[in-house]
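Raw contents of structure_12.pdb, PDB, C-alpha atoms:
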ATOM      1  CA  MET A   1       0.000   0.000   0.000
ATOM      2  CA  THR A   2       2.858   2.320   0.895
ATOM      3  CA  THR A   3       4.667   1.500  -2.322
ATOM      4  CA  SER A   4       1.524   2.210  -4.371
ATOM      5  CA  THR A   5       1.019   5.537  -2.613
ATOM      6  CA  THR A   6       4.622   6.545  -3.221
ATOM      7  CA  THR A   7       4.354   5.650  -6.896
ATOM      8  CA  SER A   8       1.152   7.664  -7.251
ATOM      9  CA  THR A   9       2.758  10.642  -5.527
ATOM     10  CA  ARG A  10       5.761  10.527  -7.835
ATOM     11  CA  ALA A  11       3.524  10.260 -10.900
ATOM     12  CA  LEU A  12       1.460  13.232  -9.694
ATOM     13  CA  HIS A  13       4.623  15.239  -9.040
ATOM     14  CA  SER A  14       5.984  14.404 -12.493
ATOM     15  CA  ALA A  15       2.712  15.457 -14.094
ATOM     16  CA  VAL A  16       2.788  18.778 -12.232
ATOM     17  CA  VAL A  17       6.402  19.389 -13.284
ATOM     18  CA  ARG A  18       5.595  18.613 -16.941
ATOM     19  CA  ARG A  19       2.577  20.915 -16.806
ATOM     20  CA  ARG A  20       4.666  23.742 -15.371
ATOM     21  CA  ARG A  21       7.321  23.237 -18.031
ATOM     22  CA  ALA A  22       4.701  23.245 -20.776
ATOM     23  CA  THR A  23       3.152  26.424 -19.346
ATOM     24  CA  ARG A  24       6.560  28.073 -19.139
ATOM     25  CA  THR A  25       7.367  27.041 -22.706
ATOM     26  CA  VAL A  26       4.082  28.435 -24.009
ATOM     27  CA  GLY A  27       4.602  31.661 -22.071
ATOM     28  CA  ASN A  28       8.138  32.107 -23.402
ATOM     29  CA  THR A  29       6.969  31.381 -26.942
ATOM     30  CA  VAL A  30       4.150  33.930 -26.722
ATOM     31  CA  LEU A  31       6.528  36.511 -25.230
ATOM     32  CA  GLY A  32       9.121  35.831 -27.949
ATOM     33  CA  TRP A  33       6.578  36.192 -30.733
ATOM     34  CA  GLY A  34       5.242  39.376 -29.141
ATOM     35  CA  LEU A  35       8.698  40.945 -29.008
ATOM     36  CA  ALA A  36       9.420  39.799 -32.567
ATOM     37  CA  VAL A  37       6.252  41.462 -33.827
ATOM     38  CA  LEU A  38       7.050  44.600 -31.815
ATOM     39  CA  PHE A  39      10.419  44.935 -33.539
ATOM     40  CA  VAL A  40       9.351  43.826 -37.024
ATOM     41  CA  VAL A  41       6.208  45.953 -37.431
ATOM     42  CA  PRO A  42       8.051  49.329 -37.674
ATOM     43  CA  PHE A  43      10.360  47.875 -40.327
ATOM     44  CA  LEU A  44       7.398  46.503 -42.302
ATOM     45  CA  TRP A  45       5.685  49.894 -42.090
ATOM     46  CA  MET A  46       8.865  51.600 -43.347
ATOM     47  CA  LEU A  47       9.145  49.116 -46.225
ATOM     48  CA  SER A  48       5.489  49.573 -47.102
ATOM     49  CA  SER A  49       5.717  53.374 -46.896
ATOM     50  CA  SER A  50       8.741  53.414 -49.188
ATOM     51  CA  LEU A  51       6.455  52.168 -51.994
ATOM     52  CA  LYS A  52       3.635  54.645 -51.396
ATOM     53  CA  ARG A  53       2.818  58.125 -52.557
ATOM     54  CA  ASN A  54       3.240  60.834 -49.934
ATOM     55  CA  ILE A  55      -0.514  61.253 -49.507
ATOM     56  CA  ASP A  56      -0.884  57.540 -48.766
ATOM     57  CA  VAL A  57       1.881  57.163 -46.165
ATOM     58  CA  PHE A  58      -0.027  58.421 -43.120
ATOM     59  CA  THR A  59      -3.537  57.334 -44.045
ATOM     60  CA  LEU A  60      -5.526  55.447 -41.389
ATOM     61  CA  PRO A  61      -6.151  52.608 -41.142
ATOM     62  CA  ILE A  62      -2.714  51.624 -42.374
ATOM     63  CA  ARG A  63      -2.706  50.031 -45.802
ATOM     64  CA  TRP A  64       0.126  47.530 -45.540
ATOM     65  CA  ILE A  65       0.104  46.578 -49.211
ATOM     66  CA  PRO A  66       0.684  49.726 -51.315
ATOM     67  CA  ASP A  67      -1.885  50.368 -54.003
ATOM     68  CA  PRO A  68      -0.576  51.616 -56.345
ATOM     69  CA  VAL A  69       3.045  50.610 -55.874
ATOM     70  CA  HIS A  70       5.090  53.786 -56.242
ATOM     71  CA  TRP A  71       8.566  52.735 -57.424
ATOM     72  CA  ALA A  72       9.424  56.344 -58.236
ATOM     73  CA  ASN A  73      10.588  56.850 -54.640
ATOM     74  CA  TYR A  74      13.537  54.520 -55.199
ATOM     75  CA  ALA A  75      14.235  56.124 -58.562
ATOM     76  CA  ASP A  76      14.439  59.523 -56.856
ATOM     77  CA  VAL A  77      16.757  58.116 -54.184
ATOM     78  CA  TRP A  78      19.209  56.469 -56.576
ATOM     79  CA  ILE A  79      19.085  58.387 -59.849
ATOM     80  CA  GLY A  80      17.328  61.589 -58.855
ATOM     81  CA  GLU A  81      18.781  65.043 -58.278
ATOM     82  CA  LYS A  82      19.867  64.041 -54.746
ATOM     83  CA  SER A  83      21.270  60.596 -55.447
ATOM     84  CA  MET A  84      22.501  58.415 -52.576
ATOM     85  CA  ILE A  85      25.275  56.849 -54.653
ATOM     86  CA  THR A  86      27.932  59.243 -53.349
ATOM     87  CA  TYR A  87      26.777  58.840 -49.749
ATOM     88  CA  TYR A  88      26.738  55.070 -50.158
ATOM     89  CA  GLY A  89      30.277  55.009 -51.513
ATOM     90  CA  ASN A  90      31.566  57.220 -48.708
ATOM     91  CA  SER A  91      29.875  55.079 -46.061
ATOM     92  CA  LEU A  92      31.292  51.881 -47.533
ATOM     93  CA  ILE A  93      34.821  53.321 -47.604
ATOM     94  CA  VAL A  94      34.609  54.621 -44.041
ATOM     95  CA  THR A  95      32.917  51.532 -42.607
ATOM     96  CA  LEU A  96      34.922  48.785 -44.322
ATOM     97  CA  THR A  97      38.264  50.504 -43.702
ATOM     98  CA  GLY A  98      37.322  51.155 -40.091
ATOM     99  CA  VAL A  99      36.184  47.570 -39.502
ATOM    100  CA  VAL A 100      39.387  46.098 -40.967
ATOM    101  CA  GLY A 101      41.472  48.498 -38.906
ATOM    102  CA  ASP A 102      39.486  47.807 -35.741
ATOM    103  CA  LEU A 103      39.809  44.039 -36.136
ATOM    104  CA  THR A 104      43.545  44.321 -36.824
ATOM    105  CA  THR A 105      44.469  46.645 -33.964
ATOM    106  CA  SER A 106      42.110  45.004 -31.475
ATOM    107  CA  ALA A 107      43.389  41.508 -32.251
ATOM    108  CA  MET A 108      47.048  42.514 -31.960
ATOM    109  CA  ALA A 109      46.553  44.619 -28.837
ATOM    110  CA  GLY A 110      44.299  42.001 -27.251
ATOM    111  CA  TYR A 111      46.891  39.295 -27.873
ATOM    112  CA  ALA A 112      49.671  41.456 -26.427
ATOM    113  CA  PHE A 113      47.713  42.206 -23.250
ATOM    114  CA  ALA A 114      46.659  38.567 -22.876
ATOM    115  CA  ARG A 115      49.686  36.498 -23.890
ATOM    116  CA  LEU A 116      52.820  38.654 -23.943
ATOM    117  CA  ARG A 117      54.637  39.255 -20.679
ATOM    118  CA  PHE A 118      56.137  42.711 -20.195
ATOM    119  CA  ARG A 119      56.566  45.074 -17.294
ATOM    120  CA  GLY A 120      53.440  46.997 -16.320
ATOM    121  CA  ARG A 121      51.216  45.081 -18.721
ATOM    122  CA  ASP A 122      48.167  44.882 -16.461
ATOM    123  CA  LYS A 123      48.491  48.493 -15.291
ATOM    124  CA  ILE A 124      48.736  49.753 -18.855
ATOM    125  CA  PHE A 125      45.682  47.700 -19.789
ATOM    126  CA  LEU A 126      43.680  49.118 -16.873
ATOM    127  CA  LEU A 127      44.674  52.669 -17.833
ATOM    128  CA  TYR A 128      43.707  51.989 -21.426
ATOM    129  CA  LEU A 129      40.427  50.467 -20.278
ATOM    130  CA  ALA A 130      39.720  53.487 -18.071
ATOM    131  CA  THR A 131      39.566  55.737 -21.127
ATOM    132  CA  ALA A 132      36.276  54.059 -22.007
ATOM    133  CA  ILE A 133      34.516  56.043 -19.253
ATOM    134  CA  ILE A 134      35.168  59.306 -21.129
ATOM    135  CA  PRO A 135      31.993  60.262 -23.041
ATOM    136  CA  SER A 136      32.614  60.342 -26.775
ATOM    137  CA  GLN A 137      30.984  63.781 -26.976
ATOM    138  CA  LEU A 138      33.818  65.260 -24.888
ATOM    139  CA  LEU A 139      36.340  64.108 -27.477
ATOM    140  CA  LEU A 140      34.646  65.737 -30.456
ATOM    141  CA  VAL A 141      36.129  69.215 -29.941
ATOM    142  CA  PRO A 142      39.729  68.028 -29.299
ATOM    143  CA  ARG A 143      39.425  65.643 -32.210
ATOM    144  CA  PHE A 144      38.075  68.441 -34.401
ATOM    145  CA  MET A 145      41.030  70.689 -33.539
ATOM    146  CA  PHE A 146      43.528  67.858 -33.975
ATOM    147  CA  PHE A 147      42.330  66.872 -37.437
ATOM    148  CA  GLN A 148      42.090  70.520 -38.464
ATOM    149  CA  GLN A 149      45.756  71.035 -37.601
ATOM    150  CA  LEU A 150      46.706  67.895 -39.521
ATOM    151  CA  GLY A 151      44.765  69.033 -42.556
ATOM    152  CA  LEU A 152      42.397  66.049 -42.329
ATOM    153  CA  TYR A 153      39.287  68.009 -41.400
ATOM    154  CA  ASP A 154      36.442  67.572 -43.897
ATOM    155  CA  THR A 155      37.990  64.378 -45.237
ATOM    156  CA  LEU A 156      36.952  60.756 -44.796
ATOM    157  CA  TRP A 157      40.119  60.131 -42.771
ATOM    158  CA  ALA A 158      38.605  62.164 -39.942
ATOM    159  CA  LEU A 159      35.966  59.442 -39.695
ATOM    160  CA  ILE A 160      38.144  56.419 -40.456
ATOM    161  CA  LEU A 161      41.056  56.909 -38.049
ATOM    162  CA  PRO A 162      39.095  57.134 -34.759
ATOM    163  CA  GLY A 163      37.191  53.966 -35.639
ATOM    164  CA  MET A 164      40.344  51.944 -36.197
ATOM    165  CA  PHE A 165      41.274  51.962 -32.493
ATOM    166  CA  THR A 166      38.585  51.011 -29.990
ATOM    167  CA  VAL A 167      38.842  50.191 -26.300
ATOM    168  CA  TYR A 168      35.852  47.888 -26.514
ATOM    169  CA  GLY A 169      37.392  45.830 -29.315
ATOM    170  CA  THR A 170      40.687  45.457 -27.469
ATOM    171  CA  PHE A 171      38.908  44.373 -24.286
ATOM    172  CA  LEU A 172      36.727  41.887 -26.180
ATOM    173  CA  LEU A 173      39.662  40.255 -27.966
ATOM    174  CA  ARG A 174      41.848  40.298 -24.876
ATOM    175  CA  GLN A 175      39.234  38.307 -22.969
ATOM    176  CA  ALA A 176      38.958  35.866 -25.879
ATOM    177  CA  PHE A 177      42.720  35.300 -25.974
ATOM    178  CA  VAL A 178      42.831  34.812 -22.191
ATOM    179  CA  THR A 179      40.334  31.944 -22.406
ATOM    180  CA  ALA A 180      42.259  30.207 -25.219
ATOM    181  CA  PRO A 181      44.392  27.247 -24.057
ATOM    182  CA  GLU A 182      47.914  28.401 -23.224
ATOM    183  CA  ALA A 183      49.330  24.930 -23.896
ATOM    184  CA  LEU A 184      48.709  25.342 -27.635
ATOM    185  CA  GLY A 185      51.026  28.329 -27.789
ATOM    186  CA  GLU A 186      53.711  26.600 -25.749
ATOM    187  CA  ALA A 187      53.558  23.565 -28.046
ATOM    188  CA  ALA A 188      53.932  25.788 -31.110
ATOM    189  CA  ARG A 189      56.971  27.544 -29.604
ATOM    190  CA  ILE A 190      58.577  24.190 -28.826
ATOM    191  CA  ASP A 191      58.096  23.277 -32.496
ATOM    192  CA  GLY A 192      60.024  26.409 -33.476
ATOM    193  CA  ALA A 193      57.235  28.908 -34.180
ATOM    194  CA  ASN A 194      57.995  32.562 -33.505
ATOM    195  CA  GLU A 195      55.571  34.879 -31.693
ATOM    196  CA  TRP A 196      53.913  36.127 -34.882
ATOM    197  CA  GLN A 197      53.288  32.567 -36.088
ATOM    198  CA  VAL A 198      51.843  31.641 -32.697
ATOM    199  CA  PHE A 199      49.505  34.613 -32.894
ATOM    200  CA  TRP A 200      48.499  34.178 -36.543
ATOM    201  CA  ARG A 201      48.309  30.397 -36.875
ATOM    202  CA  VAL A 202      47.417  29.202 -33.380
ATOM    203  CA  TYR A 203      45.452  31.765 -31.422
ATOM    204  CA  LEU A 204      43.771  33.907 -34.060
ATOM    205  CA  PRO A 205      41.704  31.028 -35.534
ATOM    206  CA  LEU A 206      40.457  30.225 -32.031
ATOM    207  CA  VAL A 207      38.937  33.679 -31.532
ATOM    208  CA  ARG A 208      37.097  33.877 -34.864
ATOM    209  CA  PRO A 209      33.694  33.926 -33.098
ATOM    210  CA  MET A 210      34.715  37.049 -31.198
ATOM    211  CA  LEU A 211      36.167  38.592 -34.356
ATOM    212  CA  ALA A 212      32.854  38.037 -36.129
ATOM    213  CA  ALA A 213      30.943  39.584 -33.216
ATOM    214  CA  LEU A 214      33.278  42.589 -33.166
ATOM    215  CA  ALA A 215      32.961  42.976 -36.936
ATOM    216  CA  ILE A 216      29.166  43.187 -36.656
ATOM    217  CA  ILE A 217      29.314  45.681 -33.779
ATOM    218  CA  SER A 218      31.934  47.835 -35.468
ATOM    219  CA  PHE A 219      30.140  47.789 -38.824
ATOM    220  CA  VAL A 220      26.781  48.825 -37.401
ATOM    221  CA  SER A 221      28.316  51.501 -35.176
ATOM    222  CA  SER A 222      30.288  53.089 -38.002
ATOM    223  CA  TRP A 223      27.512  52.781 -40.587
ATOM    224  CA  ASN A 224      24.936  54.470 -38.339
ATOM    225  CA  ASP A 225      27.227  57.171 -36.937
ATOM    226  CA  TYR A 226      25.644  60.586 -37.406
ATOM    227  CA  GLU A 227      27.329  62.738 -34.773
ATOM    228  CA  THR A 228      30.931  62.456 -35.981
ATOM    229  CA  PRO A 229      30.227  63.251 -39.667
ATOM    230  CA  LEU A 230      28.064  66.174 -38.543
ATOM    231  CA  VAL A 231      31.049  67.726 -36.763
ATOM    232  CA  MET A 232      33.845  66.659 -39.101
ATOM    233  CA  LEU A 233      32.308  67.163 -42.545
ATOM    234  CA  THR A 234      31.028  70.221 -44.386
ATOM    235  CA  ASN A 235      31.411  69.244 -48.046
ATOM    236  CA  PRO A 236      28.310  67.329 -49.267
ATOM    237  CA  GLU A 237      30.589  65.244 -51.504
ATOM    238  CA  ASN A 238      32.045  63.672 -48.348
ATOM    239  CA  PHE A 239      28.743  63.019 -46.567
ATOM    240  CA  THR A 240      28.004  59.519 -45.346
ATOM    241  CA  ILE A 241      24.493  58.040 -45.423
ATOM    242  CA  PRO A 242      23.249  59.234 -41.980
ATOM    243  CA  LEU A 243      24.248  62.800 -42.827
ATOM    244  CA  GLY A 244      23.212  62.459 -46.450
ATOM    245  CA  LEU A 245      19.649  61.545 -45.470
ATOM    246  CA  THR A 246      19.181  65.071 -44.164
ATOM    247  CA  THR A 247      19.691  66.449 -47.673
ATOM    248  CA  PHE A 248      16.323  65.044 -48.717
ATOM    249  CA  ALA A 249      14.627  67.787 -46.693
ATOM    250  CA  ASP A 250      13.531  70.926 -48.536
ATOM    251  CA  ALA A 251      14.375  74.533 -47.650
ATOM    252  CA  GLU A 252      11.478  74.733 -45.164
ATOM    253  CA  GLY A 253      12.592  71.590 -43.359
ATOM    254  CA  GLY A 254       9.857  69.457 -44.880
ATOM    255  CA  ILE A 255      10.652  66.023 -46.229
ATOM    256  CA  SER A 256       8.962  63.649 -48.625
ATOM    257  CA  ALA A 257       7.914  60.728 -46.438
ATOM    258  CA  GLY A 258       7.951  58.181 -49.267
ATOM    259  CA  ILE A 259      11.418  59.196 -50.465
ATOM    260  CA  ALA A 260      12.724  59.289 -46.893
ATOM    261  CA  MET A 261      11.462  55.760 -46.258
ATOM    262  CA  ALA A 262      12.980  54.536 -49.529
ATOM    263  CA  ALA A 263      16.315  56.049 -48.529
ATOM    264  CA  ALA A 264      16.103  54.448 -45.079
ATOM    265  CA  VAL A 265      15.332  51.014 -46.548
ATOM    266  CA  SER A 266      18.253  51.375 -48.961
ATOM    267  CA  ALA A 267      20.551  52.298 -46.076
ATOM    268  CA  LEU A 268      19.635  49.071 -44.256
ATOM    269  CA  ILE A 269      20.722  46.735 -47.045
ATOM    270  CA  PRO A 270      24.487  46.631 -46.237
ATOM    271  CA  VAL A 271      23.813  46.309 -42.505
ATOM    272  CA  ALA A 272      21.461  43.365 -43.030
ATOM    273  CA  THR A 273      23.880  41.765 -45.507
ATOM    274  CA  ALA A 274      26.845  42.122 -43.158
ATOM    275  CA  PHE A 275      24.846  40.668 -40.284
ATOM    276  CA  VAL A 276      23.798  37.618 -42.293
ATOM    277  CA  ILE A 277      27.337  36.984 -43.542
ATOM    278  CA  PHE A 278      29.090  37.381 -40.203
ATOM    279  CA  GLN A 279      26.376  35.541 -38.306
ATOM    280  CA  ARG A 280      26.996  32.447 -40.414
ATOM    281  CA  GLN A 281      30.732  32.712 -39.853
ATOM    282  CA  PHE A 282      30.143  33.231 -36.156
ATOM    283  CA  MET A 283      28.116  30.031 -35.815
ATOM    284  CA  GLU A 284      30.515  27.948 -37.924
ATOM    285  CA  ALA A 285      33.558  29.200 -36.020
ATOM    286  CA  LEU A 286      31.854  28.616 -32.687
ATOM    287  CA  ALA A 287      31.016  25.050 -33.661
ATOM    288  CA  HIS A 288      34.484  24.140 -34.950
ATOM    289  CA  SER A 289      36.801  26.187 -32.731
ATOM    290  CA  GLY A 290      38.582  24.926 -29.656
ATOM    291  CA  ILE A 291      36.774  27.423 -27.393
ATOM    292  CA  LYS A 292      34.081  25.840 -25.246
TER     293      LYS A 292
END

Could you rewrite the structure in this file as structure tokens?
Amino acid sequence: MTTSTTTSTRALHSAVVRRRRATRTVGNTVLGWGLAVLFVVPFLWMLSSSLKRNIDVFTLPIRWIPDPVHWANYADVWIGEKSMITYYGNSLIVTLTGVVGDLTTSAMAGYAFARLRFRGRDKIFLLYLATAIIPSQLLLVPRFMFFQQLGLYDTLWALILPGMFTVYGTFLLRQAFVTAPEALGEAARIDGANEWQVFWRVYLPLVRPMLAALAIISFVSSWNDYETPLVMLTNPENFTIPLGLTTFADAEGGISAGIAMAAAVSALIPVATAFVIFQRQFMEALAHSGIK
């Protein structure tokens, strides 16, 4: 009788646990779908509005499928009087150069702070890390004066150079190199590899997931930067996309909603492409690397 009661109690407990897990799963699924819809709806509205006439953009209720489809907005954005081609080219130059530079300097500095032994290494790293608490807005005026004296003001180099050296990237890669097995480097040195070969052939492949994550962060940050170009650039020929979008406004400050949405959708294409590419590399590197 006691054994039967115990079995029944365990079965009841298991049923309660399964029911709670099912309820939790359903709740998490509903919450996830709700957040997904919350984030996707504004993008869908922007995409829909980019294919509408101005008089149809703000009509209520919202007509999600444009009728008629107004492709002229994209024609105005790309081949119109205020074409985005120049802004696109400038943004690609600034962003891609900055990302490559950021990955290079962050990987080398992170490896030095993690694996090389030299006097005052940890203190220097802490001092370098402390500079991250300085608001970026405080650096705009000194940076403006510095680049003006160098003759780089109102050039793309004024945007590229600051993005090639980031405290966050160095910290991220330093932590990745610290977690990599030290025995691999020692084995490579015993086999006759120099320090550069140890860095390039042994440790760098192990931190590819972090490199991919940093590439995404750096790309998005540089591509969407509005504040720095606003301060550093005056010639419209050097404008990047965030600053170039403001040129679609007329003299009174008004803006064509359909054209603005078409420009915004066009600006998202490289960001979405970069995310898809680096996300795949991130997952593959995470699955095949030696980092657990």

For the file shown, what are the residues hit by the PyMOL selection byres ((chain A and resi 257) around 12), laid out as a PyMOL selection string? chain A and resi 45-58+73+245+248-250+254-256+258-264

Output C-alpha atoms for every residue in the selection just made, as a PDB file, in the coordinates of the input.
ATOM      1  CA  TRP A  45       5.685  49.894 -42.090  1.00  0.00           C
ATOM      2  CA  MET A  46       8.865  51.600 -43.347  1.00  0.00           C
ATOM      3  CA  LEU A  47       9.145  49.116 -46.225  1.00  0.00           C
ATOM      4  CA  SER A  48       5.489  49.573 -47.102  1.00  0.00           C
ATOM      5  CA  SER A  49       5.717  53.374 -46.896  1.00  0.00           C
ATOM      6  CA  SER A  50       8.741  53.414 -49.188  1.00  0.00           C
ATOM      7  CA  LEU A  51       6.455  52.168 -51.994  1.00  0.00           C
ATOM      8  CA  LYS A  52       3.635  54.645 -51.396  1.00  0.00           C
ATOM      9  CA  ARG A  53       2.818  58.125 -52.557  1.00  0.00           C
ATOM     10  CA  ASN A  54       3.240  60.834 -49.934  1.00  0.00           C
ATOM     11  CA  ILE A  55      -0.514  61.253 -49.507  1.00  0.00           C
ATOM     12  CA  ASP A  56      -0.884  57.540 -48.766  1.00  0.00           C
ATOM     13  CA  VAL A  57       1.881  57.163 -46.165  1.00  0.00           C
ATOM     14  CA  PHE A  58      -0.027  58.421 -43.120  1.00  0.00           C
ATOM     15  CA  ASN A  73      10.588  56.850 -54.640  1.00  0.00           C
ATOM     16  CA  LEU A 245      19.649  61.545 -45.470  1.00  0.00           C
ATOM     17  CA  PHE A 248      16.323  65.044 -48.717  1.00  0.00           C
ATOM     18  CA  ALA A 249      14.627  67.787 -46.693  1.00  0.00           C
ATOM     19  CA  ASP A 250      13.531  70.926 -48.536  1.00  0.00           C
ATOM     20  CA  GLY A 254       9.857  69.457 -44.880  1.00  0.00           C
ATOM     21  CA  ILE A 255      10.652  66.023 -46.229  1.00  0.00           C
ATOM     22  CA  SER A 256       8.962  63.649 -48.625  1.00  0.00           C
ATOM     23  CA  GLY A 258       7.951  58.181 -49.267  1.00  0.00           C
ATOM     24  CA  ILE A 259      11.418  59.196 -50.465  1.00  0.00           C
ATOM     25  CA  ALA A 260      12.724  59.289 -46.893  1.00  0.00           C
ATOM     26  CA  MET A 261      11.462  55.760 -46.258  1.00  0.00           C
ATOM     27  CA  ALA A 262      12.980  54.536 -49.529  1.00  0.00           C
ATOM     28  CA  ALA A 263      16.315  56.049 -48.529  1.00  0.00           C
ATOM     29  CA  ALA A 264      16.103  54.448 -45.079  1.00  0.00           C
TER      30      ALA A 264
END

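Proximity ranking of A:Trp157, A:Tyr168, A:Phe118, A:Phe275 relative to A:Thr97 places A:Trp157 first, based on only C-alpha atoms.
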
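When the PyMOL selection byres ((chain A and resi 207) around 8) is evaluated on the file shown here, the picked residues come out as Leu173, Ala176, Phe177, Ala180, Tyr203, Leu204, Pro205, Leu206, Arg208, Pro209, Met210, Leu211, Ser289 and Ile291 of chain A.
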
Minimum-distance residue to A:Leu172, chosen among A:Leu140, A:Val26, A:Leu214, A:Ala187 (using all atoms listed in the file): A:Leu214

What residues come out when you apply the PyMOL selection byres ((chain A and resi 221) around 12) to this file, written as a compact mmCIF listing (two decimals) with C-alpha atoms, in the coordinates of the input?
# COMPACT_ATOMS: atom_id res chain seq x y z
CA SER A 91 29.88 55.08 -46.06
CA VAL A 94 34.61 54.62 -44.04
CA THR A 95 32.92 51.53 -42.61
CA LEU A 96 34.92 48.78 -44.32
CA GLY A 98 37.32 51.16 -40.09
CA VAL A 99 36.18 47.57 -39.50
CA ASP A 102 39.49 47.81 -35.74
CA LEU A 159 35.97 59.44 -39.70
CA GLY A 163 37.19 53.97 -35.64
CA THR A 166 38.58 51.01 -29.99
CA LEU A 214 33.28 42.59 -33.17
CA ALA A 215 32.96 42.98 -36.94
CA ILE A 216 29.17 43.19 -36.66
CA ILE A 217 29.31 45.68 -33.78
CA SER A 218 31.93 47.84 -35.47
CA PHE A 219 30.14 47.79 -38.82
CA VAL A 220 26.78 48.82 -37.40
CA SER A 222 30.29 53.09 -38.00
CA TRP A 223 27.51 52.78 -40.59
CA ASN A 224 24.94 54.47 -38.34
CA ASP A 225 27.23 57.17 -36.94
CA TYR A 226 25.64 60.59 -37.41
CA GLU A 227 27.33 62.74 -34.77
CA THR A 228 30.93 62.46 -35.98
CA PRO A 242 23.25 59.23 -41.98
CA VAL A 271 23.81 46.31 -42.50

Could you work out how far atom CA of A:Thr240 lies from atom CA of A:Tyr153, giving the answer in Å with one decimal? 14.7 Å

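Across A:Val77, A:Val40, A:Ala132, A:Ile85, the tightest approach to A:Glu237 is made by A:Ile85 when counting only C-alpha atoms.
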
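You can rank A:Lys82, A:Arg189, A:Arg143, A:Arg117 by their closest distance to A:Pro236 using all atoms listed in the file, and at the top of that list sits A:Lys82.
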
Of the candidates A:Arg201, A:Ile93, A:Thr105, A:Leu139, which one gets nearest to A:Ile160 if we count all atoms listed in the file? A:Ile93

Using the partial input, fill out stretch 101-114 of chain A with N, CA and C atoms; write the result as a PDB file, in the coordinates of the input.
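After the write, selection_19.pdb holds the following:
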ATOM      1  N   GLY A 101      40.511  47.924 -39.846  1.00  0.00           N
ATOM      2  CA  GLY A 101      41.472  48.498 -38.906  1.00  0.00           C
ATOM      3  C   GLY A 101      41.164  48.127 -37.473  1.00  0.00           C
ATOM      4  N   ASP A 102      39.883  48.153 -37.105  1.00  0.00           N
ATOM      5  CA  ASP A 102      39.486  47.807 -35.741  1.00  0.00           C
ATOM      6  C   ASP A 102      39.812  46.357 -35.422  1.00  0.00           C
ATOM      7  N   LEU A 103      39.504  45.455 -36.354  1.00  0.00           N
ATOM      8  CA  LEU A 103      39.809  44.039 -36.136  1.00  0.00           C
ATOM      9  C   LEU A 103      41.320  43.812 -36.017  1.00  0.00           C
ATOM     10  N   THR A 104      42.090  44.506 -36.843  1.00  0.00           N
ATOM     11  CA  THR A 104      43.545  44.321 -36.824  1.00  0.00           C
ATOM     12  C   THR A 104      44.157  44.825 -35.525  1.00  0.00           C
ATOM     13  N   THR A 105      43.868  46.065 -35.170  1.00  0.00           N
ATOM     14  CA  THR A 105      44.469  46.645 -33.964  1.00  0.00           C
ATOM     15  C   THR A 105      43.953  45.971 -32.697  1.00  0.00           C
ATOM     16  N   SER A 106      42.677  45.641 -32.668  1.00  0.00           N
ATOM     17  CA  SER A 106      42.110  45.004 -31.475  1.00  0.00           C
ATOM     18  C   SER A 106      42.673  43.604 -31.270  1.00  0.00           C
ATOM     19  N   ALA A 107      42.836  42.859 -32.365  1.00  0.00           N
ATOM     20  CA  ALA A 107      43.389  41.508 -32.251  1.00  0.00           C
ATOM     21  C   ALA A 107      44.839  41.549 -31.783  1.00  0.00           C
ATOM     22  N   MET A 108      45.637  42.443 -32.339  1.00  0.00           N
ATOM     23  CA  MET A 108      47.048  42.514 -31.960  1.00  0.00           C
ATOM     24  C   MET A 108      47.210  43.036 -30.538  1.00  0.00           C
ATOM     25  N   ALA A 109      46.459  44.080 -30.188  1.00  0.00           N
ATOM     26  CA  ALA A 109      46.553  44.619 -28.837  1.00  0.00           C
ATOM     27  C   ALA A 109      45.997  43.629 -27.817  1.00  0.00           C
ATOM     28  N   GLY A 110      44.878  42.983 -28.155  1.00  0.00           N
ATOM     29  CA  GLY A 110      44.299  42.001 -27.251  1.00  0.00           C
ATOM     30  C   GLY A 110      45.238  40.837 -26.998  1.00  0.00           C
ATOM     31  N   TYR A 111      45.927  40.390 -28.035  1.00  0.00           N
ATOM     32  CA  TYR A 111      46.891  39.295 -27.873  1.00  0.00           C
ATOM     33  C   TYR A 111      48.067  39.739 -27.003  1.00  0.00           C
ATOM     34  N   ALA A 112      48.542  40.964 -27.217  1.00  0.00           N
ATOM     35  CA  ALA A 112      49.671  41.456 -26.427  1.00  0.00           C
ATOM     36  C   ALA A 112      49.308  41.545 -24.948  1.00  0.00           C
ATOM     37  N   PHE A 113      48.128  42.071 -24.651  1.00  0.00           N
ATOM     38  CA  PHE A 113      47.713  42.206 -23.250  1.00  0.00           C
ATOM     39  C   PHE A 113      47.383  40.857 -22.613  1.00  0.00           C
ATOM     40  N   ALA A 114      47.056  39.867 -23.420  1.00  0.00           N
ATOM     41  CA  ALA A 114      46.659  38.567 -22.876  1.00  0.00           C
ATOM     42  C   ALA A 114      47.812  37.580 -22.788  1.00  0.00           C
TER      43      ALA A 114
END
